Amino acid sequence: MDNKKMSSKQKYNPNEIEPKWQKIWDEAKVYSPNLDTAKKPFYNLMMFPYPSAEGMHVGNMYAFTGADVYGRFMRMQGNDVFEPMGLDGFGIHSENYAIKVGRHPKEQAKISEKNFYRQLRAIGNGFDWSRKVETYDPKYYKWTQWLFIQLFKAGLAYRRKAAVNFCPKDLTVLADEQVIDGKCERCETEVIKKELEQWFFRITKYADRLLNNIEKLDWSEKVKIAQRQWIGRSEGAQIEFKVQSSKFKVQVFTTRPDTLYGATFLVLSPEHPIINVILNSFQNLGSNGIPKQVRDDILEYVENAKNKNEQERMAEGKEKTGVFSGIYAINPLNQEKVPVWIADYALMGYGTGALFGDAHDERDVKFAKKYKIPLKVTVITGDKEKDERIKNFEECFTGYGILIDSGEFSGLTSEDAKKKITAWLKDHNYGGTEITYHLRDWLISRQRYWGPPIPMIFCKKCNWQPVPEKDLPVLLPDVEDWKPKGIHSTSSGQAGKSPLASAESFVNTACPNCQGAAKRETDVSDTFLDSAWYFLRYVSTDIESVAFDIERVKKWLPVTMYIGGAEHSVLHLLYSRFITMVLKDLGLIEFEEPFSRFYAHGLLVKEGAKMSKSKGNVVIPDEYISKYGADTLRMYLMFLGPFNQGGDFYDTGIEGMFRFLKRVWTLVHDKKDSMKTRNDSSSLLGSNEAYVFMNKTIKRVKDDMENLRYNTAIAALMEYYNFLSKQEYIAIEEFRNLLKLLSPFAPHIVEELWEYIGGKFSIHQELFPKFNQNALKSFHRTIAIQINGKLRDTVIVTDQASKNKNTIEQLARKSDKVIKYLEGKTINKVVYVEGKIINFVIDDR
């Protein structure tokens with residue numbers, strides 16, 4: 001059937017038109033810009049999706065649609081928009097599902113990929129399907145392994161034994177960033193600590209750059225705040241306490257050296273390495289040795305602390321526990337002897353794992369009172385009543401004040417004392433200024449199967465050697481026993497090792513340096529390494545000789561607009577910044593920030609509750625697309641609320657959006673024969689009001705789209721539809737602009753209607769409508785609403801409407817700001833100065 005001759009009774013059937021146009025767009029490569037010749041590159045990217053085996057849920061579609069709407073809008077601004085898509089399919093999520101269904105991860109990946117891509121095609125996004133990447137494809141992870149080797153060669157990848165986060169359920173270690181409130185970020189299992197040999201990346205070397213660059217980033221502020229807090233730069237003093245009767249020293253970091261004179265005890269983290277050294281050194285010192293009972297108490301306490309996560313240890317209100325070490329240290333400032341305690345509220349991951357206790361920290365005060373440790377107040381406020389309470393330990397003063405009982409530093413303010421005490425420590429070789437960070441090196445090893453094998457080889461003679469780049473990729477071998485072994489595995493020799501350790505043909509190899517017998521690393525790398533550089537690979541998927549083509553990277557990167565969830569603030573986003581900085585330092589790229597702009601979208605919930613499988617309220621879009629079409633669902637999702645705040649999904653709400661699109665469909669078909677073409681710029685589209693409304697709508701929608709205010713842009717389109725539907729006839733320009741404005745949200749229906757009204761294929765390669773600023777000024781009037789001469793509100797009306805006093809009076813009476821002044825009052829007179837003021841004269845007694 002010729003679309004141009006369709007009956008006005010032709011029904012809107014998204015199940016027919018949506019697959020049709022998706023196929024046509026794909027064949028015509030509407031969304032596939034030439035990466036080498038594009039004149040106005042615009043890299044529009046959404047976060048790398050994990051291909052859930054259950055399929056894409058509506059929360060994914062919410063994020064992808066919001067990003068796609070922006071990409072379509074920017075294409076209509078004349079940009080060559082590149083919007084690629086791929087799958088972040090390696091990792092624990094995919095492997096655990098494979099375990100659950102009893103299917104090998106490689107087999108399950110193919111099933112999940114097929115389903116996820118089917119869904120992604122159905123939602124109508126403008127993806128460049130010619131440039132997909134999947135992290136589990138050897139053609140991709142070859143370059144992930146290459147990246148690891150570059151970091152190793154640069155001294156940024158190293159292996160050491162460390163107390164690491166371990167998830168007892170997922171049976172693997174986790175980076176600090178993957179532990180949320182003491183729990184595994186994926187399965188929410190309580191995390192424990194284990195001593196293991198692991199690979200790390202020296203992200204801490206980049207702490208200052210990562211922090212300082214934040215100010216320059218055009219990112220959502222909540223993400224910038226989260227990164228500042230996670231990097232956690234603290235400036236203070238490093239202080240050296242000598243252990244009495246020994247050669248040992250304890251290093252303490254503090255941001256409050258002004259309280260050092262009042263330090264009456266030291267606290268060591270149960271993981272502090274000096275504990276074992278001290279125990280072993282003091283055991284044969286006769287009367288100076290540590291009693292057996294004290295030693296036993298220490299060992300028991302340290303062992304129990306291993307079973308507590310950091311959140312549990314630091315919980316507010318939790319009673320502090322500890323054990324006396326049996327030894328003493330010397331306060332360097334006053335040479336007083338202070339007892340050394342071991343307590344789990346000191347954390348090895350913060351500062352040096354040791355702190356001094358005083359009267360100006362609430363945790364210290366609670367601990368001291370419990371164990372009857374003397375305290376000494378050394379900072380007061382200058383307020384006699386308050387200071388009396390502080391000195392009597394009725395109140396813990398933790399702020400800055402004036403020093404007392406602090407020797408030569410008494411009388412100084414805390415700010416001055418911090419500087420002078422730190423200088424004194426430096427002059428007397430007891431420490432000095434120190435900067436510490438909350439950020440820790442990135443733990444990269446994982447004891448699982450489904451990931452890229454770490455491309456390193458251990459030789460007893462040559463130590464760790466990288467796999468020669470010519471031998472990449474190190475293929476993930478097919479093994480029967482691919483399930484995780486865990487720390488307490490009963491398999492011979494497999495405790496704490498990856499399933500790959502059981503594959504002898506994989507493990508045993510030759511040293512690339514001396515050709516002697518050697519063994520491969522059997523851990524795989526963290527899946528966050530896969531996603532820390534994928535945006536670079538998209539521009540070079542057709543080139544297999546390099547990870548990314550330098551010229552294309554220069555042309556297209558950094559990513560112009562990156563849209564995703566704020567929950568990735570200190571995982572994916574921080575790691576991507578680090579890797580980009582490293583590549584810049586290695587001379588491989590010319591920029592050090594990966595994303596020119598990052599926009600954090602909000603969270604989609606279902607009827608007031610966060611979506612989760614356990615609640616059974618996860619919404620899969622397939623059934624809604626089948627019933628209403630992707631365009632309806634896209635429109636509904638974008639209309640739910642501000643895109644940066646999220647929205648609440650109700651099944652009942654989507655029907656209204658479906659009716660709206662059907663009305664647009666009917667309007668175009670029923671009014672097509674009334675279309676008239678504007679002949680010149682001075683002619684009106686049926687009326688002055690029509691011309692004004694069209695320009696006003698274009699401006700509103702453009703402003704909203706630029707700021708990703710999609711819900712209000714759609715509201716403006718609904719108002720415009722309502723206006724057009726009441727017109728006797730509609731000009732061709734009005735139809736064209738309505739469809740263009742609607743096209744980023746509902747790409748299929750507008751393409752169909754665009755063809756119906758005689759538009760040239762494709763509407764998605766058309767420019768966004770421009771509004772006439774002069775028309776807005778000429779045809780709009782701002783009317784001041786006064787009551788007894790006092791301004792109470794204003795109303796904007798068309799030039800034509802401003803000529804009618806009754807119309808203006810009715811509008812004024814409907815204003816909430818006016819109603820409250822008129823209610824119950826007698827209106828004596830209404831004075832209207834045409835086009836300027838309406839004044840209600842009332843009896844104000």
# chains A, B, ... in the order shown; residues from 1 in each chain; ligands from 1

$ select_by_dssp --residues "stretch 26-187 of chain A" --states "helix (DSSP H, G or I)" --output "VMD selection string"
chain A and resid 26 to 28 58 to 75 92 to 101 105 to 122 138 to 153 176 to 178

$ residues_around --residues "A:Gly587" --least-positions-apart "6" --cutoff "12 Å" --atoms "only C-alpha atoms" --output "count of residues only"
5

$ residues_around --residues "stretch 536-545 of chain A" --least-positions-apart "4" --cutoff "8 Å" --atoms "only C-alpha atoms" --output "ChimeraX atom specification"
/A:35,84,131-133,139,549,552-553,556-557

$ select_by_dssp --residues "stretch 220-361 of chain A" --states "strand (DSSP E or B)" --output "PyMOL selection string"
chain A and resi 234-243+249-254+265-268+322-330+337-343+354-357

$ closest_residue --among "A:Asp799, A:Asp88, A:Asp170, A:Glu240" --to "A:His428" --atoms "only C-alpha atoms"
A:Glu240

$ closest_residue --among "A:Pro455, A:Ile732, A:Gly232, A:His748" --to "A:Lys470" --atoms "only C-alpha atoms"
A:Pro455

$ residues_around --residues "stretch 435-437 of chain A" --least-positions-apart "6" --cutoff "8 Å" --atoms "only C-alpha atoms" --output "PyMOL selection string"
chain A and resi 207+231-237+350-351
